[in-house]
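Asker: Shown below is the structure under consideration.
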Amino acid sequence: MEPESLYNLLHLPGRVDQAARGTLSQGEKKKFLPPTSRKDPKLEELQKVLMEWINAELLPEHIVVRSLEEDIFDGLILHHLFQKLTGVKLDVEEIALTAASQRHKLAVVLEAAGQSLQVEEPQARWSVESIYNKDLLATLHLLVALAKCFQPDLSLPTNVEVEVIIVESTKSGLKSEMSVEQLTECGADKDQPSKDVFDELFKLAPEKVNAVKEAIVNFVNQKLDRLGLSVQNLDTQFADGVILLLLIGQLEGFFLHLKEFYLTPKSPAEMLHNVTLALELLKDEDLLNHPVSPEDIVNKDTKSTLRVLYGLFRKHKLKESTDGEPLESPN
């Protein structure tokens with residue numbers, strides 16, 4: 001029986017034994033996330049922050065994570081992430097196709113990660129089996145540990161804890177109990193302004209920022225090619241809002257009448273009009289994950305420009321990946 005079926009049965013008296021008997025051997029314990037815990041807003045926020053962090057790290061490699069449960073288990077993305085964070089090259093095959101080779105690759109990556117984190121397997125809150133079996137709790141424990149070690153300034157949601165059901169197989173049958181699983185620690189500075197991945201990214205080496213800029217410029221130029229336009233300088237060419245509006249129209253299917261914006265703006269006020277219109281369109285499509293001031297775009301603020309373009313990149317790169325493009329191959 002699949003775990004999801006088990007979740008639905010665990011709260012029904014008299015059916016716990018029937019649901020879990022085939023998944024547990026005698027003496028074995030397993031933790032399950034009930035549906036109510038999966039919908040916990042803080043748990044969902046933690047997953048979102050971790051996915052955005054991974055996607056920002058692996059953006060130059062054109063890798064997009066859509067689900068921590070479905071995309072992490074086979075070791076491919078963990079392999080790329082570990083190498084990016086540490087610079088250590090692991091002796092494993094790039095693409096593992098069989099279950100045995102995926103498990104082997106995952107084992108090599110987790111062993112290397114454990115050494116970097118100075119955590120031995122008995123003490124680790126994850127294992128090859130739990131990660132490979134798409135255990136969300138184990139995956140989150142691993143990613144939180146990696147983030148705290150290699151990206152200590154990443155603003156993870158504080159005090160994330162969820163209720164779990166622990167089921168144990170005994171001679172007399174199955175026993176189940178509720179417990180609380182702590183995923184992140186309590187934070188001391190809850191009043192600090194929220195940060196996003198670009199706040200964190202700009203604290204890293206300039207080479208990483210440049211790599212992200214290059215990947216986004218390549219994406220933009222591919223989309224603008226049919227209009228006969230190209231971008232050479234991300235820092236300056238979006239300041240008047242014209243290329244940004246044309247890019248949004250191209251990607252989102254908007255037709256913008258020339259009366260709605262200034263095609264050749266001649267003053268800061270006209271540039272501000274264009275950028276404000278562009279940001280309103282992005283907000284309507286829920287493509288702005290962090291507040292952006294139109295003045296910052298006009299003033300050629302690189303971080304704000306990247307935030308705006310990354311919203312488009314993420315949506316349409318994700319769409320291409322969903323349509324069947326391999327995650328690791330360049331667009």
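In the structure tokens, each chain is lettered A, B, ... as it comes, each chain's residues begin at 1, and ligands are numbered from 1 in order of appearance.
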Hey, what's within 12 Å of Leu97 of chain A if we count only C-alpha atoms and toss same-chain stuff fewer than 4 positions away? As a ChimeraX atom specification, please?
Answerer: /A:74-76,93,101-105
Asker: What lies within 12 Å of Ala269 of chain A using only C-alpha atoms, ignoring chain neighbours under 2 positions off, as number ranges by chain?
Answerer: A: 239-241, 261-262, 265-267, 271-276, 294-295, 298-299
Asker: Could you tell me which of A:Ile95, A:Leu110, A:Val242, A:Val49 comes closest to Ile131 of chain A if we count only C-alpha atoms?
Answerer: A:Leu110
Asker: Using only C-alpha atoms, which protein or nucleic acid residues come within 9 Å of Lys223 of chain A? Drop anything in the same chain fewer than 5 positions from it, and give the result as a PyMOL selection string.
Answerer: chain A and resi 218+247+250-251
Asker: Keeping only N, CA, C and O atoms, write the selected residues as a CSV table (one decimal), in the first residue's frame.
Answerer:
chain,number,residue,atom,x,y,z
A,218,ASN,N,20.9,35.0,-21.2
A,218,ASN,CA,20.8,34.0,-22.3
A,218,ASN,C,19.3,33.7,-22.5
A,218,ASN,O,18.8,33.5,-23.6
A,247,LEU,N,9.2,41.9,-23.3
A,247,LEU,CA,9.5,40.5,-22.9
A,247,LEU,C,8.3,39.9,-22.2
A,247,LEU,O,7.9,38.7,-22.4
A,250,GLN,N,5.7,39.1,-24.7
A,250,GLN,CA,6.1,37.9,-25.5
A,250,GLN,C,5.9,36.6,-24.7
A,250,GLN,O,5.3,35.6,-25.3
A,251,LEU,N,6.2,36.6,-23.4
A,251,LEU,CA,6.1,35.4,-22.6
A,251,LEU,C,4.7,35.1,-22.1
A,251,LEU,O,4.2,34.0,-22.0
Asker: Which neighbours of Val220 of chain A fall inside 10 Å, counting only C-alpha atoms, when residues of the same chain fewer than 5 positions from it are skipped, and could you give them as a list in words?
Answerer: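 My reading of the contact set: Glu214, Ala215, Asp225, Leu229, Ser230, Val231, Leu234, Ile243, Leu244, Leu247, Leu251, Leu309, Leu312 and Phe313 of chain A.
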Asker: Quote the spacing between atom CA of Thr86 of chain A and atom CA of Arg66 of chain A in Å to one decimal place.
Answerer: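 Distance reported for this atom pair: 23.1 Å.
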Asker: Within 12 Å of Asp301 of chain A, counting only C-alpha atoms, which residues show up once you throw out same-chain ones fewer than 3 positions away? Write them as an MDAnalysis selection string, please.
Answerer: chainID A and resid 234:239 292:298 304:308
Asker: Take the residues from that selection and write them out as an mmCIF file, in the first residue's frame, keeping N, CA and C atoms.
Answerer:
data_model
loop_
_atom_site.group_PDB
_atom_site.id
_atom_site.type_symbol
_atom_site.label_atom_id
_atom_site.label_comp_id
_atom_site.auth_asym_id
_atom_site.auth_seq_id
_atom_site.Cartn_x
_atom_site.Cartn_y
_atom_site.Cartn_z
ATOM 1 N N LEU A 234 22.453 43.596 -18.648
ATOM 2 C CA LEU A 234 21.262 43.454 -17.808
ATOM 3 C C LEU A 234 21.099 44.650 -16.878
ATOM 4 N N ASP A 235 22.200 45.240 -16.449
ATOM 5 C CA ASP A 235 22.137 46.320 -15.468
ATOM 6 C C ASP A 235 21.482 47.579 -16.014
ATOM 7 N N THR A 236 21.600 47.825 -17.317
ATOM 8 C CA THR A 236 21.151 49.115 -17.858
ATOM 9 C C THR A 236 19.977 49.024 -18.824
ATOM 10 N N GLN A 237 19.840 47.920 -19.558
ATOM 11 C CA GLN A 237 18.899 47.896 -20.667
ATOM 12 C C GLN A 237 17.435 47.721 -20.250
ATOM 13 N N PHE A 238 17.191 47.428 -18.980
ATOM 14 C CA PHE A 238 15.812 47.286 -18.517
ATOM 15 C C PHE A 238 15.328 48.534 -17.787
ATOM 16 N N ALA A 239 16.195 49.540 -17.657
ATOM 17 C CA ALA A 239 15.885 50.707 -16.840
ATOM 18 C C ALA A 239 14.723 51.533 -17.383
ATOM 19 N N VAL A 292 9.291 44.961 -5.169
ATOM 20 C CA VAL A 292 10.258 45.655 -6.024
ATOM 21 C C VAL A 292 9.742 47.061 -6.282
ATOM 22 N N SER A 293 10.599 48.051 -6.087
ATOM 23 C CA SER A 293 10.231 49.439 -6.346
ATOM 24 C C SER A 293 10.544 49.782 -7.799
ATOM 25 N N PRO A 294 9.590 50.390 -8.532
ATOM 26 C CA PRO A 294 9.883 50.771 -9.921
ATOM 27 C C PRO A 294 11.040 51.757 -10.008
ATOM 28 N N GLU A 295 11.207 52.595 -8.977
ATOM 29 C CA GLU A 295 12.339 53.532 -8.966
ATOM 30 C C GLU A 295 13.668 52.800 -8.976
ATOM 31 N N ASP A 296 13.733 51.646 -8.289
ATOM 32 C CA ASP A 296 14.980 50.884 -8.260
ATOM 33 C C ASP A 296 15.351 50.359 -9.640
ATOM 34 N N ILE A 297 14.348 49.941 -10.415
ATOM 35 C CA ILE A 297 14.619 49.467 -11.771
ATOM 36 C C ILE A 297 15.119 50.634 -12.632
ATOM 37 N N VAL A 298 14.438 51.763 -12.540
ATOM 38 C CA VAL A 298 14.847 52.938 -13.328
ATOM 39 C C VAL A 298 16.256 53.373 -12.936
ATOM 40 N N SER A 304 17.268 44.367 -7.915
ATOM 41 C CA SER A 304 15.842 44.497 -8.223
ATOM 42 C C SER A 304 15.532 44.001 -9.629
ATOM 43 N N THR A 305 16.421 44.312 -10.577
ATOM 44 C CA THR A 305 16.223 43.851 -11.956
ATOM 45 C C THR A 305 16.247 42.335 -12.020
ATOM 46 N N LEU A 306 17.174 41.713 -11.291
ATOM 47 C CA LEU A 306 17.255 40.254 -11.272
ATOM 48 C C LEU A 306 16.005 39.642 -10.654
ATOM 49 N N ARG A 307 15.478 40.273 -9.600
ATOM 50 C CA ARG A 307 14.262 39.747 -8.974
ATOM 51 C C ARG A 307 13.117 39.701 -9.979
ATOM 52 N N VAL A 308 12.976 40.765 -10.741
ATOM 53 C CA VAL A 308 11.887 40.854 -11.713
ATOM 54 C C VAL A 308 12.056 39.800 -12.806
#
Asker: Can you measure atom CA of Lys31 of chain A to atom CA of Ala113 of chain A for me? One decimal in Å is fine.
Answerer: 23.3 Å
Asker: Ranking A:Gln26, A:Asn221, A:Ser179, A:Thr264 by minimum distance to Ile165 of chain A and counting only C-alpha atoms, which one comes first?
Answerer: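 Using only C-alpha atoms, the shortest distance to Ile165 of chain A belongs to A:Ser179.
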